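Participant: If it helps, the file is called input-v6.cif and holds mmCIF, C-alpha atoms:
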data_run
loop_
_atom_site.group_PDB
_atom_site.id
_atom_site.type_symbol
_atom_site.label_atom_id
_atom_site.label_comp_id
_atom_site.auth_asym_id
_atom_site.auth_seq_id
_atom_site.Cartn_x
_atom_site.Cartn_y
_atom_site.Cartn_z
ATOM 1 C CA MET L 1 -0.941 21.851 3.501
ATOM 2 C CA LEU L 2 2.211 20.427 5.043
ATOM 3 C CA GLY L 3 3.008 17.870 2.365
ATOM 4 C CA THR L 4 2.263 14.371 1.192
ATOM 5 C CA PHE L 5 0.961 11.789 3.675
ATOM 6 C CA HIS L 6 2.861 8.476 3.635
ATOM 7 C CA ALA L 7 1.375 5.161 4.795
ATOM 8 C CA ILE L 8 3.574 2.112 5.311
ATOM 9 C CA TRP L 9 2.378 -1.462 5.832
ATOM 10 C CA THR L 10 4.574 -4.483 6.522
ATOM 11 C CA PHE L 11 3.655 -8.077 5.744
ATOM 12 C CA ASP L 12 5.148 -11.467 6.566
ATOM 13 C CA VAL L 13 4.488 -13.541 3.444
ATOM 14 C CA THR L 14 4.817 -17.294 2.945
ATOM 15 C CA ASP L 15 3.596 -17.432 -0.684
ATOM 16 C CA SER L 16 5.162 -14.430 -2.417
ATOM 17 C CA THR L 17 3.678 -15.175 -5.847
ATOM 18 C CA SER L 18 0.077 -15.136 -4.609
ATOM 19 C CA TRP L 19 0.754 -12.198 -2.301
ATOM 20 C CA MET L 20 2.197 -10.078 -5.119
ATOM 21 C CA LEU L 21 -0.927 -10.685 -7.232
ATOM 22 C CA GLU L 22 -3.162 -9.682 -4.326
ATOM 23 C CA ALA L 23 -1.000 -6.646 -3.547
ATOM 24 C CA LYS L 24 -1.217 -5.532 -7.179
ATOM 25 C CA ASP L 25 -5.015 -5.861 -7.119
ATOM 26 C CA ALA L 26 -5.185 -3.852 -3.889
ATOM 27 C CA MET L 27 -2.934 -1.122 -5.294
ATOM 28 C CA ASN L 28 -5.096 -0.891 -8.435
ATOM 29 C CA ILE L 29 -8.133 -0.252 -6.235
ATOM 30 C CA LEU L 30 -6.341 2.371 -4.152
ATOM 31 C CA GLN L 31 -4.874 4.101 -7.226
ATOM 32 C CA ALA L 32 -8.400 4.828 -8.431
ATOM 33 C CA ARG L 33 -9.262 6.723 -5.240
ATOM 34 C CA PRO L 34 -9.110 10.534 -5.064
ATOM 35 C CA GLY L 35 -5.947 11.839 -3.452
ATOM 36 C CA PHE L 36 -3.741 8.869 -4.368
ATOM 37 C CA VAL L 37 -0.228 9.935 -5.407
ATOM 38 C CA SER L 38 1.922 6.782 -5.714
ATOM 39 C CA SER L 39 2.733 3.358 -4.300
ATOM 40 C CA SER L 40 5.764 1.107 -4.036
ATOM 41 C CA VAL L 41 6.361 -2.489 -2.955
ATOM 42 C CA PHE L 42 9.635 -3.398 -1.259
ATOM 43 C CA HIS L 43 11.195 -6.740 -0.330
ATOM 44 C CA ASN L 44 13.360 -6.947 2.774
ATOM 45 C CA ALA L 45 16.899 -8.013 1.858
ATOM 46 C CA ASP L 46 17.479 -9.556 5.301
ATOM 47 C CA SER L 47 14.198 -11.481 5.572
ATOM 48 C CA SER L 48 12.865 -13.392 2.590
ATOM 49 C CA GLU L 49 9.326 -13.357 3.996
ATOM 50 C CA ARG L 50 9.057 -9.641 4.842
ATOM 51 C CA TYR L 51 7.485 -7.205 2.371
ATOM 52 C CA LEU L 52 6.556 -3.557 2.700
ATOM 53 C CA ILE L 53 4.032 -1.428 0.819
ATOM 54 C CA LYS L 54 4.351 2.350 0.884
ATOM 55 C CA THR L 55 1.562 4.570 -0.398
ATOM 56 C CA ASP L 56 1.589 8.346 -0.777
ATOM 57 C CA TRP L 57 -1.527 10.518 -0.529
ATOM 58 C CA LEU L 58 -2.343 14.191 -0.894
ATOM 59 C CA ASP L 59 -3.459 14.230 2.750
ATOM 60 C CA VAL L 60 -4.477 11.943 5.591
ATOM 61 C CA GLY L 61 -8.164 12.455 4.786
ATOM 62 C CA SER L 62 -7.693 11.034 1.288
ATOM 63 C CA TYR L 63 -5.976 7.993 2.779
ATOM 64 C CA ARG L 64 -8.731 7.408 5.330
ATOM 65 C CA ARG L 65 -11.515 7.821 2.769
ATOM 66 C CA ALA L 66 -9.766 5.406 0.380
ATOM 67 C CA LEU L 67 -9.457 2.698 3.037
ATOM 68 C CA GLY L 68 -13.031 3.287 4.140
ATOM 69 C CA SER L 69 -14.447 2.880 0.638
ATOM 70 C CA MET L 70 -16.534 -0.147 -0.323
ATOM 71 C CA GLU L 71 -13.990 -1.105 -3.014
ATOM 72 C CA ALA L 72 -11.104 -1.219 -0.579
#
Using structure tokens, write down the structure from this file.
Facilitator:
Amino acid sequence: MLGTFHAIWTFDVTDSTSWMLEAKDAMNILQARPGFVSSSVFHNADSSERYLIKTDWLDVGSYRRALGSMEA
């Protein structure tokens, strides 16, 4: 194994309050999947509408299986 797999998603958000609730729900679903290591949400300091979610996984297969699950 070469190390942890990192996935990064960026979002342009107009309603940050609603988006944060949805992002939290999505992270709760992904956290329950095998191979999940951690997640973080970041807000872009230069763009008030840009957010980033970073997730870490044991391997790329865990990431793909998590996104392909019925829950996700």
Participant: Quick check on the file I pasted: which residues fall under the PyMOL selection byres ((chain L and resi 69) around 12)? Write them as a list in words.
Facilitator: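 For this structure, the PyMOL selection byres ((chain L and resi 69) around 12) captures Ile29, Leu30, Ala32, Arg33, Pro34, Ser62, Tyr63, Arg64, Arg65, Ala66, Leu67, Gly68, Met70, Glu71 and Ala72 of chain L.
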Participant: When you draw a straight line from CA of Lys54 (chain L) to CA of Thr10 (chain L), how long is it in Å?
Facilitator: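 Between CA of Lys54 (chain L) and CA of Thr10 (chain L) the gap is 8.9 Å.
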Participant: Selected by the PyMOL selection byres ((chain L and resi 40) around 9) in the shown coordinates: which residues, as a PyMOL selection string?
Facilitator: chain L and resi 38-39+41-42+52-56
Participant: What does the structure give for the distance between CA of Thr17 (chain L) and CA of Phe36 (chain L), in Å to one decimal?
Facilitator: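 Rounded to one decimal, the two atoms are 25.2 Å apart.
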Participant: Point out the residue among L:Tyr51, L:Asp46, L:Leu21, L:Ala26 with the least atom-to-atom distance to Trp9 (chain L), counting all atoms listed in the file.
Facilitator: L:Tyr51
Participant: Kindly give the distance, in Å, that separates CA of Lys24 (chain L) and CA of Gly3 (chain L), rounded to a single decimal.
Facilitator: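 According to the coordinates, CA of Lys24 (chain L) and CA of Gly3 (chain L) are separated by 25.6 Å.
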Participant: Could you expand the PyMOL selection byres ((chain L and resi 57) around 6) into the explicit residues it covers here, written as a ChimeraX atom specification?
Facilitator: /L:4-5,35-37,56,58-59
Participant: With the input short on atoms, add N, CA, C and O atoms back to region 11-30 of chain L and write it as an mmCIF file, in the coordinates of the input.
Facilitator:
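Contents of the output file out17.cif:
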data_model
loop_
_atom_site.group_PDB
_atom_site.id
_atom_site.type_symbol
_atom_site.label_atom_id
_atom_site.label_comp_id
_atom_site.auth_asym_id
_atom_site.auth_seq_id
_atom_site.Cartn_x
_atom_site.Cartn_y
_atom_site.Cartn_z
ATOM 1 N N PHE L 11 4.308 -6.778 5.856
ATOM 2 C CA PHE L 11 3.655 -8.077 5.744
ATOM 3 C C PHE L 11 4.693 -9.185 5.846
ATOM 4 O O PHE L 11 5.770 -9.084 5.258
ATOM 5 N N ASP L 12 4.352 -10.241 6.564
ATOM 6 C CA ASP L 12 5.148 -11.467 6.566
ATOM 7 C C ASP L 12 4.436 -12.441 5.632
ATOM 8 O O ASP L 12 3.292 -12.818 5.879
ATOM 9 N N VAL L 13 5.105 -12.819 4.553
ATOM 10 C CA VAL L 13 4.488 -13.541 3.444
ATOM 11 C C VAL L 13 5.129 -14.913 3.287
ATOM 12 O O VAL L 13 6.351 -15.033 3.251
ATOM 13 N N THR L 14 4.292 -15.949 3.181
ATOM 14 C CA THR L 14 4.817 -17.294 2.945
ATOM 15 C C THR L 14 4.743 -17.678 1.470
ATOM 16 O O THR L 14 5.576 -18.436 0.994
ATOM 17 N N ASP L 15 3.750 -17.154 0.743
ATOM 18 C CA ASP L 15 3.596 -17.432 -0.684
ATOM 19 C C ASP L 15 3.705 -16.100 -1.442
ATOM 20 O O ASP L 15 2.710 -15.416 -1.663
ATOM 21 N N SER L 16 4.926 -15.750 -1.824
ATOM 22 C CA SER L 16 5.162 -14.430 -2.417
ATOM 23 C C SER L 16 4.476 -14.245 -3.767
ATOM 24 O O SER L 16 4.048 -13.146 -4.096
ATOM 25 N N THR L 17 4.321 -15.295 -4.536
ATOM 26 C CA THR L 17 3.678 -15.175 -5.847
ATOM 27 C C THR L 17 2.212 -14.769 -5.689
ATOM 28 O O THR L 17 1.755 -13.809 -6.321
ATOM 29 N N SER L 18 1.485 -15.467 -4.852
ATOM 30 C CA SER L 18 0.077 -15.136 -4.609
ATOM 31 C C SER L 18 -0.052 -13.762 -3.965
ATOM 32 O O SER L 18 -0.936 -12.976 -4.308
ATOM 33 N N TRP L 19 0.823 -13.475 -3.001
ATOM 34 C CA TRP L 19 0.754 -12.198 -2.301
ATOM 35 C C TRP L 19 0.974 -11.039 -3.258
ATOM 36 O O TRP L 19 0.270 -10.027 -3.181
ATOM 37 N N MET L 20 1.934 -11.166 -4.170
ATOM 38 C CA MET L 20 2.197 -10.078 -5.119
ATOM 39 C C MET L 20 0.984 -9.819 -6.013
ATOM 40 O O MET L 20 0.684 -8.670 -6.327
ATOM 41 N N LEU L 21 0.284 -10.860 -6.429
ATOM 42 C CA LEU L 21 -0.927 -10.685 -7.232
ATOM 43 C C LEU L 21 -2.005 -9.959 -6.429
ATOM 44 O O LEU L 21 -2.660 -9.034 -6.935
ATOM 45 N N GLU L 22 -2.180 -10.346 -5.179
ATOM 46 C CA GLU L 22 -3.162 -9.682 -4.326
ATOM 47 C C GLU L 22 -2.758 -8.239 -4.028
ATOM 48 O O GLU L 22 -3.608 -7.348 -4.002
ATOM 49 N N ALA L 23 -1.479 -8.003 -3.808
ATOM 50 C CA ALA L 23 -1.000 -6.646 -3.547
ATOM 51 C C ALA L 23 -1.224 -5.764 -4.769
ATOM 52 O O ALA L 23 -1.635 -4.603 -4.634
ATOM 53 N N LYS L 24 -0.993 -6.304 -5.950
ATOM 54 C CA LYS L 24 -1.217 -5.532 -7.179
ATOM 55 C C LYS L 24 -2.690 -5.179 -7.325
ATOM 56 O O LYS L 24 -3.023 -4.037 -7.664
ATOM 57 N N ASP L 25 -3.576 -6.133 -7.061
ATOM 58 C CA ASP L 25 -5.015 -5.861 -7.119
ATOM 59 C C ASP L 25 -5.406 -4.768 -6.121
ATOM 60 O O ASP L 25 -6.170 -3.860 -6.451
ATOM 61 N N ALA L 26 -4.881 -4.853 -4.912
ATOM 62 C CA ALA L 26 -5.185 -3.852 -3.889
ATOM 63 C C ALA L 26 -4.676 -2.474 -4.304
ATOM 64 O O ALA L 26 -5.374 -1.463 -4.137
ATOM 65 N N MET L 27 -3.477 -2.415 -4.868
ATOM 66 C CA MET L 27 -2.934 -1.122 -5.294
ATOM 67 C C MET L 27 -3.747 -0.537 -6.448
ATOM 68 O O MET L 27 -3.953 0.677 -6.516
ATOM 69 N N ASN L 28 -4.249 -1.380 -7.343
ATOM 70 C CA ASN L 28 -5.096 -0.891 -8.435
ATOM 71 C C ASN L 28 -6.365 -0.247 -7.896
ATOM 72 O O ASN L 28 -6.813 0.787 -8.407
ATOM 73 N N ILE L 29 -6.937 -0.828 -6.856
ATOM 74 C CA ILE L 29 -8.133 -0.252 -6.235
ATOM 75 C C ILE L 29 -7.796 1.080 -5.591
ATOM 76 O O ILE L 29 -8.507 2.076 -5.780
ATOM 77 N N LEU L 30 -6.709 1.129 -4.833
ATOM 78 C CA LEU L 30 -6.341 2.371 -4.152
ATOM 79 C C LEU L 30 -5.936 3.467 -5.133
ATOM 80 O O LEU L 30 -6.224 4.642 -4.909
#
